[in-house]
Every structure is written in C-alpha cells, then in structure tokens.
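Student: Sharing run_26.csv, CSV, C-alpha atoms:
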```
chain,number,residue,atom,x,y,z
A,1,SER,CA,91.7,68.7,126.0
A,2,GLN,CA,94.4,69.8,123.4
A,3,GLN,CA,96.3,72.3,125.4
A,4,SER,CA,99.6,70.6,124.6
A,5,LEU,CA,99.2,71.9,121.0
A,6,VAL,CA,99.6,75.5,122.1
A,7,ILE,CA,101.2,75.6,125.6
A,8,GLY,CA,104.8,76.7,125.4
A,9,ARG,CA,104.4,78.1,121.9
A,10,VAL,CA,104.5,81.8,120.9
A,11,ALA,CA,101.5,83.7,119.5
A,12,ARG,CA,102.3,85.0,116.0
A,13,GLY,CA,100.4,88.2,116.8
A,14,PRO,CA,97.6,89.7,118.9
A,15,ILE,CA,94.8,87.2,119.5
A,16,PRO,CA,91.5,89.0,120.1
A,17,ALA,CA,89.4,87.8,123.0
A,18,GLY,CA,86.9,85.2,122.0
A,19,THR,CA,89.0,83.9,119.1
A,20,VAL,CA,88.8,80.1,118.7
A,21,LEU,CA,92.4,79.0,119.0
A,22,ASN,CA,94.1,76.9,116.4
A,23,THR,CA,97.7,75.9,115.9
A,24,ASP,CA,98.3,78.3,113.0
A,25,LEU,CA,98.1,81.2,115.5
A,26,PHE,CA,101.2,80.0,117.2
A,27,ALA,CA,104.8,79.2,116.5
A,28,ASP,CA,107.6,77.5,118.3
A,29,PRO,CA,109.8,79.8,120.5
A,30,GLY,CA,112.8,81.1,118.6
A,31,THR,CA,111.2,80.3,115.2
A,32,SER,CA,108.4,82.8,115.2
A,33,VAL,CA,110.3,85.1,112.8
A,34,PRO,CA,112.1,83.0,110.2
A,35,GLU,CA,115.8,83.6,109.6
A,36,GLY,CA,116.3,86.2,106.9
A,37,PHE,CA,113.1,88.0,107.7
A,38,VAL,CA,112.0,90.8,110.1
A,39,VAL,CA,108.7,92.2,111.2
A,40,ILE,CA,108.0,95.8,110.4
A,41,GLY,CA,105.1,97.8,111.8
A,42,ALA,CA,103.3,100.4,109.7
A,43,PRO,CA,100.4,102.7,110.5
A,44,LEU,CA,98.0,102.8,107.5
A,45,ASP,CA,95.3,105.3,106.6
A,46,ALA,CA,92.0,104.3,105.2
A,47,GLY,CA,92.4,103.5,101.5
A,48,THR,CA,96.1,102.4,101.7
A,49,ALA,CA,95.4,98.7,102.2
A,50,PRO,CA,92.5,96.3,101.8
A,51,ILE,CA,91.8,96.9,105.5
A,52,GLY,CA,88.4,95.2,105.6
A,53,SER,CA,89.7,91.8,104.7
A,54,LEU,CA,93.3,92.0,105.7
A,55,ALA,CA,94.3,89.3,108.2
A,56,ALA,CA,97.4,87.6,109.7
A,57,GLY,CA,99.0,85.3,107.1
A,58,ASP,CA,97.7,87.1,104.0
A,59,PRO,CA,100.3,87.6,101.2
A,60,VAL,CA,100.6,91.2,100.2
A,61,ASP,CA,102.7,93.3,97.8
A,62,VAL,CA,104.3,96.2,99.6
A,63,ILE,CA,104.2,99.2,97.3
A,64,GLY,CA,106.0,102.5,97.6
A,65,VAL,CA,104.2,105.4,95.9
A,66,VAL,CA,105.2,108.9,95.0
A,67,LYS,CA,102.4,111.4,94.8
A,68,SER,CA,102.0,113.1,91.4
A,69,THR,CA,102.6,116.8,91.0
A,70,SER,CA,101.4,119.2,88.3
A,71,THR,CA,104.4,118.4,86.2
A,72,VAL,CA,105.2,114.8,87.2
A,73,GLY,CA,102.8,111.9,87.3
A,74,GLY,CA,102.7,109.6,90.2
A,75,VAL,CA,105.1,106.7,90.4
A,76,ALA,CA,104.7,103.4,92.2
A,77,GLU,CA,106.9,100.4,92.6
A,78,VAL,CA,106.5,97.0,94.3
A,79,ILE,CA,109.2,97.0,97.0
A,80,THR,CA,108.7,93.4,98.1
A,81,ARG,CA,106.3,90.6,98.7
A,82,ALA,CA,105.4,90.2,102.4
A,83,SER,CA,103.1,88.4,104.8
A,84,VAL,CA,100.8,90.1,107.2
A,85,TRP,CA,102.0,89.3,110.7
A,86,ALA,CA,99.2,91.1,112.6
A,87,VAL,CA,96.5,93.7,112.1
A,88,ASP,CA,95.6,96.0,115.0
A,89,ARG,CA,92.4,97.9,114.2
A,90,PRO,CA,91.5,100.9,116.3
A,91,ASP,CA,88.5,100.5,118.5
A,92,THR,CA,85.4,102.5,117.8
A,93,SER,CA,86.3,105.1,120.5
A,94,SER,CA,89.7,105.8,119.0
A,95,ALA,CA,90.3,109.3,117.6
A,96,SER,CA,92.9,107.8,115.1
A,97,PRO,CA,91.6,106.2,112.0
A,98,LYS,CA,95.0,104.5,111.4
A,99,VAL,CA,95.3,100.7,111.4
A,100,TRP,CA,98.6,99.2,112.5
A,101,VAL,CA,99.8,96.4,110.3
A,102,SER,CA,102.8,94.3,111.1
A,103,LEU,CA,104.5,92.8,108.0
A,104,LEU,CA,106.9,89.9,107.7
A,105,VAL,CA,109.4,91.1,105.1
A,106,PRO,CA,112.8,89.9,103.8
A,107,VAL,CA,115.6,91.5,105.8
A,108,ASP,CA,117.1,93.1,102.7
A,109,SER,CA,113.8,95.0,102.1
A,110,GLN,CA,113.4,96.3,105.7
A,111,THR,CA,114.9,99.8,105.1
A,112,ALA,CA,112.9,100.5,102.0
A,113,VAL,CA,109.7,99.4,103.7
A,114,ALA,CA,110.4,101.4,106.8
A,115,GLN,CA,111.3,104.5,104.8
A,116,ALA,CA,108.1,104.2,102.6
A,117,SER,CA,106.1,103.9,105.9
A,118,ALA,CA,107.8,106.9,107.5
A,119,ASP,CA,107.2,109.0,104.4
A,120,GLY,CA,103.6,108.0,104.2
A,121,ARG,CA,104.1,106.3,100.8
A,122,LEU,CA,103.4,102.7,101.9
A,123,ARG,CA,100.5,100.9,100.2
A,124,LEU,CA,99.5,97.2,100.4
A,125,SER,CA,97.8,95.1,97.8
A,126,LEU,CA,96.3,91.7,98.7
A,127,VAL,CA,97.8,89.0,96.5
A,128,GLY,CA,95.8,86.0,95.3
A,129,VAL,CA,97.3,82.6,96.0
A,130,SER,CA,96.6,79.4,94.0
A,131,LYS,CA,95.0,76.6,95.8
```
Mind turning the file's structure into structure tokens?
Tutor:
Amino acid sequence: SQQSLVIGRVARGPIPAGTVLNTDLFADPGTSVPEGFVVIGAPLDAGTAPIGSLAAGDPVDVIGVVKSTSTVGGVAEVITRASVWAVDRPDTSSASPKVWVSLLVPVDSQTAVAQASADGRLRLSLVGVSK
C-alpha cells in the first residue's frame, strides 16, 4: 500500500531477502552518495571490526595500524570518521572468513583508506552517538 515511498528510489546497499523494507534503506537517484564523499569497499578479517553488530548506517572510525616489530611498537591512527554503507557477510558455505564492508568516506580520505585496506592495516571501531 506504500509502494510509492520506495519505487524509483535507489537501494543504499544490499537488502537481504526477507528484510522488512523501510525508507531509510533507499535514497533518491543521484543523491545516494553525497557530494564530497565516496564509497570504498574493504575486505575485513575476523577481529578487525565489530563484525557481529556492524550494520549499514553505523558511524565508525577508520583506523590505520602498523604492526609492531621487536624494535618498534605498533602505531595506530584514526584516518577518518565514516559511515557503514553496506556489510556483506560470507555465507556459511564460503571458504573465506572475510567480511566485505563498504564505507562512505570523505573524498579527501579515500586514498588513505584504500591504501590501509590494500596493506591489510584497516581496522574499524564502532562509534557511539548521542541520542
């Protein structure tokens, strides 16, 4: 009865079968990625993000880490604040434990985020929001 609320709009990310639709899952065409932002995909291993509770729309800090060596301690820095765009968890039959997370990041942070992901240094922390 309320099809007009979603017909002609663009899904913000994958919508699993059986999901109850609501307008927050959709955006107007051409406005789905706000100006000044990009969506970056990153494969994450277990332990690199709060995977169990991570969902589209969650605010996260994107962190770049450098592993410690015997002579140098580990270093971590917050690259940027981002929003989770989509989370694609592997099905139970998948051989890969990686979870694909798409992040909405400011355009000026995209290269640092992409490089940290490519180097296996990307970590996410879920950020609390005041209500």
Student: Counting only C-alpha atoms, which of A:Ala86, A:Val20, A:Val39, A:Leu126 gets nearest to Ser109 of chain A?
Tutor: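 Under the stated criterion, the closest residue is A:Val39.
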Student: So, with only C-alpha atoms as the atoms that count, which of A:Gln115, A:Ser102, A:Thr80, A:Gln110 lies closest to Val127 of chain A?
Tutor: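 Looking at the shortest contact to Val127 of chain A, the residue is A:Thr80.
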Student: Would you mind telling me which residue in A:Pro106, A:Gly13, A:Gly8, A:Gly36 lies nearest to Ala56 of chain A when using all atoms listed in the file?
Tutor: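 Checking each of A:Pro106, A:Gly13, A:Gly8, A:Gly36 against Ala56 of chain A, counting all atoms listed in the file, the winner is A:Gly13.
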Student: Select, counting all atoms listed in the file, all protein, DNA and RNA residues no farther than 9 Å from (111.7, 89.7, 107.4) in file coordinates, and express the selection as a list in words.
Tutor: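 Applying the cut-off with all atoms listed in the file, one gets Val33, Pro34, Glu35, Gly36, Phe37, Val38, Val39, Ile40, Ala82, Leu103, Leu104, Val105, Pro106, Val107, Asp108, Ser109 and Gln110 of chain A.
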Student: Any idea what's packed within 12 Å of Ala116 of chain A, counting all atoms listed in the file, ignoring anything in its chain fewer than 3 positions away? Could you give it as a list in words?
Tutor: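 What passes the distance filter is Ile40, Gly41, Ala42, Pro43, Leu44, Val62, Ile63, Gly64, Val65, Val66, Ala76, Glu77, Val78, Ile79, Thr80, Ser109, Gln110, Thr111, Ala112, Val113, Asp119, Gly120, Arg121, Leu122, Arg123 and Leu124 of chain A.
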Student: For Ile7 of chain A, which residue among A:Ala27, A:Val84, A:Ala114, A:Val60 is the nearest when counting all atoms listed in the file?
Tutor: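 Among the listed residues, A:Ala27 lies closest to Ile7 of chain A.
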Student: For each of A:Asp45, A:Lys98, A:Arg81, A:Asp24, take the minimum atom-to-atom distance to Gly57 of chain A, counting all atoms listed in the file, then give the residue where this is smallest.
Tutor: A:Asp24
Student: To one decimal place in Å, what is the distance between atom CA of Ser4 of chain A and atom CA of Trp85 of chain A?
Tutor: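 So the answer is 23.4 Å.
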Student: Which of these, A:Thr48, A:Ser53, A:Ser83, A:Gln2, has the shortest distance to Asn22 of chain A once you count all atoms listed in the file?
Tutor: A:Gln2
Student: Between atom CA of Pro59 of chain A and atom CA of Arg12 of chain A, what is the spacing in Å?
Tutor: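 Separating atom CA of Arg12 of chain A from atom CA of Pro59 of chain A is a distance of 15.2 Å.
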